[in-house]
Amino acid sequence: METIIKGIPVSQGIAIGTAYVLGSVESKLPPSYLPDDDLIPNEIERFQQAVLAAQRDIEDLKARVQIDAIHDIGLIFEAHILILSDPSLHAEVLRRIQRNRMTAEYAVQCTIGEYVRGLKGKPFLNPKINDIQDIERRLLKALIGQHYEELHSLSHEVVVIAHDITPSQTAGMSRERILGFATDVGGTTGHTAIVARAREIPAVVGLGSISDSVKPGTEIIIDGNRGIVIVQPQESTKKNYEKVRSDYREFGAELRSEAGQPAVTLDGCRVQVLGNIEFPNETESVIRNYADGIGLYRTEFLYLDNDGVPDEEIHYDAYFQVVRAMAGRPVTIRTLDLGSDKQFHLSDKERGSTERNPGMGCRAVRYCLENPDIFRSQLRAICRVSAHGDVRLMIPMVSSREETRRVVGMIKGIQERLADEGIAFDPDMKIGIMVEIPSVALTVEQFAGMVDFFSIGTNDLIQYLLAVDRTNEQVAHLFRPDHPAVLRILHYVIENAKRTGVPISMCGEMAGDPMFVLFLLGLGLRNFSVSPPQVPEVKKIIRHASLGVARKTAEDALLLSSSRDVRNYLRGALNSLYKFFPS
Ligand code: PEP
Ligand code: MG
């Protein structure tokens with residue numbers, strides 16, 4: 001019987017195939033102890049050999065993925081290798097072997113289990129659990145040959161169904177054989193989701209208990225556009241989806257062929273469409289998709305991939321690579337947005353605390369102002385790299401004028417110092433703030449004399465406006481960009497920012513959602529920054545729009561009083577321009 005299960009869409013596209021059900025990541029070993037102390041040295045040796053074997057496994061996989069030209073994923077493996085060589089992990093496992101006479105495998109399971117339980121209390125580190133369990137499974141594979149399904153060696157096409165999939169399994173997936181995947185757990189910010197998007201593998205996560213209910217070989221459809229999985233589809237459903245899949249592929253090919261054309265409306269208004277990146281190597285995708293520049297360069301990755309706090313040179317190298325590759329096109333570097341859902345390597349002490357509600361705690365600019373030495377290294381690196389291109393500096397999570405004044409003051413101080421030291425920088429580097437906290441959105445004009453640009457971060461703005469944790473699967477259905485209150489606040493921000501003459505852009509996910517492009521254009525937005533694969537479609541919508549139609553669409557949408565009405569109206573408006581996906 002056909003069953004439809006709703007989950008969270010994390011990677012677009014349609015997959016139709018038979019299920020390959022992976023074993024659970026969470027299967028546990030029973031307690032096991034050594035019969036006497038003489039066996040302890042041998043057990044320690046087994047553990048050390050297992051670490052080496054796991055490192056070799058990861059190195060092999062990393063080499064294969066890099067050959068595959070997905071360099072960014074290689075960075076995740078570097079993080080895994082770092083965790084494997086973490087002295088505190090080794091010390092804990094050895095302690096359990098020596099003091100409690102545990103077998104190496106049981107000591108590994110207990111140590112990692114304890115670590116994971118600690119992370120579960122810290123929502124902003126939840127995505128990391130995935131990575132750590134990945135390492136546990138590799139160690140257990142080396143120690144006791146526990147089955148670890150590497151997904152690159154499958155011999156036929158399948159759709160993978162699992163409780164969870166580790167990031168390295170996703171990275172190792174054979175693109176020819178794995179048509180898509182669906183998992184019980186997960187969210188949009190985990191590494192597995194990031195990797196699925198980078199590899200363009202259709203995926204839906206957060207499906208509850210799909211891995212228990214689906215039998216191997218069952219026919220499955222994964223709709224990564226709408227976030228649904230259809231188990232045992234009827235013949236008619238399958239036929240519909242085959243059509244959707246082929247239309248979707250055709251649409252993708254058409255988009256790619258026109259991607260080089262600029263985003264100019266039918267009545268001649270030129271709109272900028274830029275790309276958002278998290279890793280320097282994504283610049284390749286920005287250029288390939290013909291973005292007009294980089295509107296958001298998130299820099300948290302420096303904390304994910306380095307052990308401890310990165311120094312000024314590490315920052316500088318990462319920025320210089322991007323600025324050089326963009327060859328004069330704008331690059332907006334955002335200062336650290338640590339905390340909340342952002343993953344990083346700092347210890348609790350370096351991070352400042354274990355916060356109960358980190359989304360509203362000491363994150364981003366608040367953290368940076370509390371830790372001026374850490375912040376200063378980054379600001380100096382950004383100022384120095386500004387000598388090499390059109391670099392702009394953006395401050396996240398600003399909630400007041402006072403914070404803005406303090407950061408701008410620090411930047412000016414650093415620039416004076418660089419001048420004294422005879423180090424090159426651009427004295428006219430533009431400084432902007434993200435508008436992502438309602439208090440700033442509603443007073444945006446008061447920041448006009450202080451900064452050179454604004455950029456709306458809808459991911460956080462929606463979270464704080466609607467009181468919906470963006471990382472919580474349980475309330476994911478309440479995170480609604482189409483909420484009338486969201487439309488109103490965007491109207492307010494864009495209109496008031498425009499009155500001041502300070503340029504305004506949008507770099508939150510909403511800017512890249514085809515449904516909202518016409519509405520945002522109608523509100524007066526002329527600068528969109530979106531995930532690089534979305535650039536061609538946003539440009540296409542703009543090329544099919546006129547400002548008159550866009551303004552009318554925005555005016556009408558602002559009068560609606562429910563998310564459903566907004567969605568239906570905006571879908572209709574977009575469909576009248578051209579046929580788009582998801583349908
Ligand atoms: C946002 O909040 O919309 C944004 C772009 O920043 P991030 O997703 O990194 O918080
Ligand atoms: Mg944000």
# chains A, B, ... in the order shown; residues from 1 in each chain; ligands from 1
>>> closest_atom_pairs(of="chain A", to="ligand 2", cutoff="6 Å", atoms="only C-alpha atoms and all ligand atoms", output="JSON lines")
{"residue": "A:Gly457", "atom": "CA", "partner": "ligand 2", "partner_atom_place_in_ligand_line": "1 (Mg)", "distance": 5.3}
{"residue": "A:Asn459", "atom": "CA", "partner": "ligand 2", "partner_atom_place_in_ligand_line": "1 (Mg)", "distance": 5.8}
{"residue": "A:Asp460", "atom": "CA", "partner": "ligand 2", "partner_atom_place_in_ligand_line": "1 (Mg)", "distance": 4.7}
>>> write_last_selection(atoms="N, CA and C atoms", output="PDB file, in the first residue's frame")
ATOM      1  N   GLY A 457      19.382  38.786   7.125  1.00  0.00           N
ATOM      2  CA  GLY A 457      19.589  37.350   7.378  1.00  0.00           C
ATOM      3  C   GLY A 457      18.260  36.753   7.786  1.00  0.00           C
ATOM      4  N   ASN A 459      17.284  33.707   7.960  1.00  0.00           N
ATOM      5  CA  ASN A 459      17.285  32.466   8.754  1.00  0.00           C
ATOM      6  C   ASN A 459      17.114  32.801  10.235  1.00  0.00           C
ATOM      7  N   ASP A 460      17.885  33.761  10.695  1.00  0.00           N
ATOM      8  CA  ASP A 460      17.750  34.149  12.100  1.00  0.00           C
ATOM      9  C   ASP A 460      16.578  35.096  12.322  1.00  0.00           C
TER      10      ASP A 460
END
>>> residues_near_ligand(ligand="ligand 1", cutoff="10 Å", atoms="only C-alpha atoms and all ligand atoms", output="PyMOL selection string")
chain A and resi 189+276-278+295-300+334+336-342+359+364+396-397+434-437+455-464+470+506-511+529-530
>>> write_last_selection(atoms="N, CA and C atoms", output="tab-separated table (two decimals), in the first residue's frame")
chain	number	residue	atom	x	y	z
A	189	THR	N	21.23	21.45	9.12
A	189	THR	CA	22.55	22.02	9.37
A	189	THR	C	23.64	20.98	9.60
A	276	ASN	N	26.52	32.66	-1.66
A	276	ASN	CA	26.92	32.48	-0.26
A	276	ASN	C	27.91	31.32	-0.20
A	277	ILE	N	28.99	31.47	0.55
A	277	ILE	CA	29.90	30.34	0.70
A	277	ILE	C	30.27	30.12	2.16
A	278	GLU	N	30.71	28.89	2.43
A	278	GLU	CA	31.20	28.56	3.78
A	278	GLU	C	32.65	28.15	3.73
A	295	GLY	N	28.21	37.39	-1.59
A	295	GLY	CA	27.47	38.29	-0.71
A	295	GLY	C	27.53	37.87	0.74
A	296	LEU	N	27.99	36.63	0.97
A	296	LEU	CA	28.15	36.14	2.35
A	296	LEU	C	29.22	35.06	2.35
A	297	TYR	N	30.33	35.37	3.01
A	297	TYR	CA	31.37	34.38	3.20
A	297	TYR	C	31.37	34.08	4.69
A	298	ARG	N	30.75	32.93	5.04
A	298	ARG	CA	30.71	32.54	6.47
A	298	ARG	C	32.10	32.05	6.86
A	299	THR	N	32.57	32.43	8.03
A	299	THR	CA	33.95	32.09	8.37
A	299	THR	C	34.06	31.11	9.54
A	300	GLU	N	32.93	30.54	9.93
A	300	GLU	CA	32.97	29.62	11.08
A	300	GLU	C	33.79	28.37	10.80
A	334	ARG	N	32.02	37.76	6.39
A	334	ARG	CA	31.29	37.98	7.63
A	334	ARG	C	32.15	37.56	8.82
A	336	LEU	N	33.07	36.29	12.65
A	336	LEU	CA	32.66	35.03	13.28
A	336	LEU	C	31.25	35.05	13.84
A	337	ASP	N	30.51	34.04	13.47
A	337	ASP	CA	29.16	33.87	14.00
A	337	ASP	C	29.16	32.57	14.79
A	338	LEU	N	30.02	32.49	15.78
A	338	LEU	CA	30.11	31.27	16.58
A	338	LEU	C	28.93	31.18	17.53
A	339	GLY	N	28.61	29.91	17.86
A	339	GLY	CA	27.54	29.70	18.83
A	339	GLY	C	26.28	29.23	18.14
A	340	SER	N	25.23	29.00	18.91
A	340	SER	CA	23.98	28.51	18.40
A	340	SER	C	24.20	27.26	17.57
A	341	ASP	N	23.72	27.24	16.30
A	341	ASP	CA	23.86	26.02	15.52
A	341	ASP	C	25.22	25.89	14.86
A	342	LYS	N	26.09	26.86	15.02
A	342	LYS	CA	27.38	26.81	14.34
A	342	LYS	C	28.35	25.91	15.12
A	359	GLY	N	21.08	30.01	21.31
A	359	GLY	CA	20.60	30.83	20.19
A	359	GLY	C	20.39	32.28	20.63
A	364	ALA	N	28.14	35.03	18.08
A	364	ALA	CA	28.50	36.01	17.06
A	364	ALA	C	29.17	37.25	17.63
A	396	PRO	N	27.70	40.01	12.02
A	396	PRO	CA	26.45	39.27	12.24
A	396	PRO	C	25.83	39.54	13.61
A	397	MET	N	24.52	39.28	13.71
A	397	MET	CA	23.81	39.26	14.99
A	397	MET	C	23.91	40.55	15.79
A	434	MET	N	24.45	42.72	9.53
A	434	MET	CA	23.33	41.86	9.16
A	434	MET	C	22.11	42.33	9.92
A	435	VAL	N	21.00	42.34	9.21
A	435	VAL	CA	19.73	42.66	9.86
A	435	VAL	C	19.05	41.33	10.09
A	436	GLU	N	19.21	40.78	11.28
A	436	GLU	CA	18.67	39.45	11.54
A	436	GLU	C	18.08	39.33	12.94
A	437	ILE	N	18.03	40.44	13.64
A	437	ILE	CA	17.36	40.46	14.95
A	437	ILE	C	16.24	41.50	14.82
A	455	SER	N	22.49	43.79	5.27
A	455	SER	CA	22.14	42.53	4.60
A	455	SER	C	21.18	41.76	5.50
A	456	ILE	N	20.04	41.38	4.94
A	456	ILE	CA	19.01	40.75	5.78
A	456	ILE	C	19.29	39.26	5.89
A	457	GLY	N	19.38	38.79	7.13
A	457	GLY	CA	19.59	37.35	7.38
A	457	GLY	C	18.26	36.75	7.79
A	458	THR	N	17.55	36.21	6.81
A	458	THR	CA	16.18	35.73	7.14
A	458	THR	C	16.19	34.47	7.99
A	459	ASN	N	17.28	33.71	7.96
A	459	ASN	CA	17.29	32.47	8.75
A	459	ASN	C	17.11	32.80	10.24
A	460	ASP	N	17.89	33.76	10.70
A	460	ASP	CA	17.75	34.15	12.10
A	460	ASP	C	16.58	35.10	12.32
A	461	LEU	N	16.34	35.98	11.36
A	461	LEU	CA	15.23	36.93	11.56
A	461	LEU	C	13.92	36.17	11.78
A	462	ILE	N	13.71	35.11	10.99
A	462	ILE	CA	12.47	34.33	11.13
A	462	ILE	C	12.48	33.60	12.48
A	463	GLN	N	13.63	33.02	12.81
A	463	GLN	CA	13.73	32.29	14.09
A	463	GLN	C	13.35	33.20	15.27
A	464	TYR	N	13.86	34.43	15.26
A	464	TYR	CA	13.61	35.30	16.41
A	464	TYR	C	12.23	35.96	16.34
A	470	ARG	N	15.52	27.39	14.78
A	470	ARG	CA	15.75	26.93	13.41
A	470	ARG	C	16.41	25.56	13.35
A	506	MET	N	19.99	40.79	0.67
A	506	MET	CA	19.49	39.70	1.51
A	506	MET	C	20.37	38.49	1.28
A	507	CYS	N	20.85	37.87	2.38
A	507	CYS	CA	21.69	36.68	2.22
A	507	CYS	C	21.12	35.47	2.95
A	508	GLY	N	19.93	35.60	3.56
A	508	GLY	CA	19.28	34.44	4.18
A	508	GLY	C	18.72	33.53	3.10
A	509	GLU	N	18.35	32.31	3.49
A	509	GLU	CA	17.87	31.30	2.53
A	509	GLU	C	16.67	31.77	1.71
A	510	MET	N	15.89	32.68	2.28
A	510	MET	CA	14.68	33.13	1.59
A	510	MET	C	15.01	33.79	0.25
A	511	ALA	N	16.19	34.41	0.17
A	511	ALA	CA	16.56	35.11	-1.07
A	511	ALA	C	16.69	34.13	-2.23
A	529	SER	N	21.73	37.36	-2.30
A	529	SER	CA	22.89	36.47	-2.17
A	529	SER	C	22.38	35.10	-1.74
A	530	VAL	N	22.69	34.10	-2.57
A	530	VAL	CA	22.03	32.80	-2.43
A	530	VAL	C	23.07	31.68	-2.53
>>> residues_around(residues="stretch 547-549 of chain A", least_positions_apart="2", cutoff="12 Å", atoms="only C-alpha atoms", output="ChimeraX atom specification")
/A:264-271,517-526,541-545,551-556,570,573-574,576-577
>>> residues_around(residues="A:Ala107", least_positions_apart="4", cutoff="8 Å", atoms="only C-alpha atoms", output="list in words")
Val93, Leu94, Arg96, Ile97, Met102, Thr103 and Thr111 of chain A
>>> closest_residue(among="A:Arg117, A:Glu284, A:Ser32, A:Lys6", to="A:Ile228", atoms="only C-alpha atoms")
A:Lys6
>>> atom_distance(atom1="atom CA of A:Val440", atom2="atom CA of A:Ser400")
6.7 Å
>>> closest_residue(among="A:Phe447, A:Tyr115, A:Tyr106, A:Phe301", to="A:Ser88", atoms="only C-alpha atoms")
A:Tyr115
>>> residues_around(residues="A:Glu313", least_positions_apart="3", cutoff="12 Å", atoms="only C-alpha atoms", output="number ranges by chain")
A: 302, 309-310, 316-320, 377-382, 384-385
>>> write_last_selection(atoms="C-alpha atoms", output="compact mmCIF listing (two decimals), in the first residue's frame")
# COMPACT_ATOMS: atom_id res chain seq x y z
CA LEU A 302 37.99 28.07 10.37
CA VAL A 309 41.65 29.34 17.80
CA PRO A 310 42.90 30.18 14.30
CA TYR A 316 44.31 35.78 5.99
CA ASP A 317 45.18 32.74 3.84
CA ALA A 318 41.56 31.60 3.73
CA TYR A 319 40.33 35.05 2.70
CA PHE A 320 43.13 35.72 0.25
CA SER A 377 43.05 38.60 14.61
CA GLN A 378 40.11 38.20 12.28
CA LEU A 379 39.51 41.92 11.80
CA ARG A 380 43.20 42.50 11.03
CA ALA A 381 43.19 39.68 8.47
CA ILE A 382 40.09 41.10 6.75
CA ARG A 384 44.82 43.31 5.22
CA VAL A 385 43.08 41.27 2.52
>>> residues_around(residues="A:Arg488", least_positions_apart="4", cutoff="10 Å", atoms="only C-alpha atoms", output="number ranges by chain")
A: 483-484, 492-493, 557-559
>>> residues_around(residues="A:Gly413", least_positions_apart="5", cutoff="12 Å", atoms="only C-alpha atoms", output="list of chain:residue names")
A:Arg376, A:Leu379, A:Arg380, A:Cys383, A:Arg406, A:Val407, A:Val408, A:Leu418, A:Ala419, A:Asp420, A:Pro427
>>> closest_residue(among="A:Gln169, A:Glu200, A:Asn472, A:Ile414", to="A:Val185", atoms="only C-alpha atoms")
A:Asn472
>>> closest_residue(among="A:Ser174, A:Ala424, A:Gly145, A:Gly13", to="A:Glu242", atoms="only C-alpha atoms")
A:Gly13
>>> closest_residue(among="A:Leu89, A:Arg177, A:Asp469, A:Met1", to="A:Pro358", atoms="only C-alpha atoms")
A:Asp469
>>> closest_residue(among="A:Pro503, A:Gly172, A:Gly432, A:Gly7", to="A:Gly206", atoms="only C-alpha atoms")
A:Gly7
>>> decode(residues="stretch 178-189 of chain A", atoms="N, CA and C atoms", output="short mmCIF file (atom, residue, chain, number, x, y, z; two decimals), in the first residue's frame")
data_model
loop_
_atom_site.label_atom_id
_atom_site.label_comp_id
_atom_site.auth_asym_id
_atom_site.auth_seq_id
_atom_site.Cartn_x
_atom_site.Cartn_y
_atom_site.Cartn_z
N ILE A 178 23.97 5.52 -5.87
CA ILE A 178 23.05 6.02 -4.83
C ILE A 178 22.19 7.12 -5.45
N LEU A 179 20.92 6.78 -5.61
CA LEU A 179 20.03 7.73 -6.28
C LEU A 179 19.55 8.82 -5.32
N GLY A 180 19.47 8.46 -4.04
CA GLY A 180 19.01 9.42 -3.04
C GLY A 180 19.02 8.73 -1.70
N PHE A 181 18.76 9.50 -0.62
CA PHE A 181 18.65 8.82 0.67
C PHE A 181 17.64 9.49 1.58
N ALA A 182 17.18 8.66 2.55
CA ALA A 182 16.18 9.13 3.52
C ALA A 182 16.56 8.58 4.88
N THR A 183 16.50 9.43 5.91
CA THR A 183 16.90 8.97 7.24
C THR A 183 15.87 9.33 8.32
N ASP A 184 15.95 8.57 9.42
CA ASP A 184 15.03 8.82 10.55
C ASP A 184 15.32 10.16 11.20
N VAL A 185 16.61 10.46 11.38
CA VAL A 185 16.99 11.66 12.15
C VAL A 185 17.73 12.65 11.24
N GLY A 186 18.14 13.76 11.85
CA GLY A 186 18.95 14.73 11.09
C GLY A 186 18.21 16.03 10.87
N GLY A 187 18.97 17.03 10.48
CA GLY A 187 18.40 18.35 10.21
C GLY A 187 19.19 18.99 9.08
N THR A 188 18.80 20.20 8.73
CA THR A 188 19.42 20.84 7.57
C THR A 188 20.84 21.32 7.83
N THR A 189 21.23 21.45 9.12
CA THR A 189 22.55 22.02 9.37
C THR A 189 23.64 20.98 9.60
#
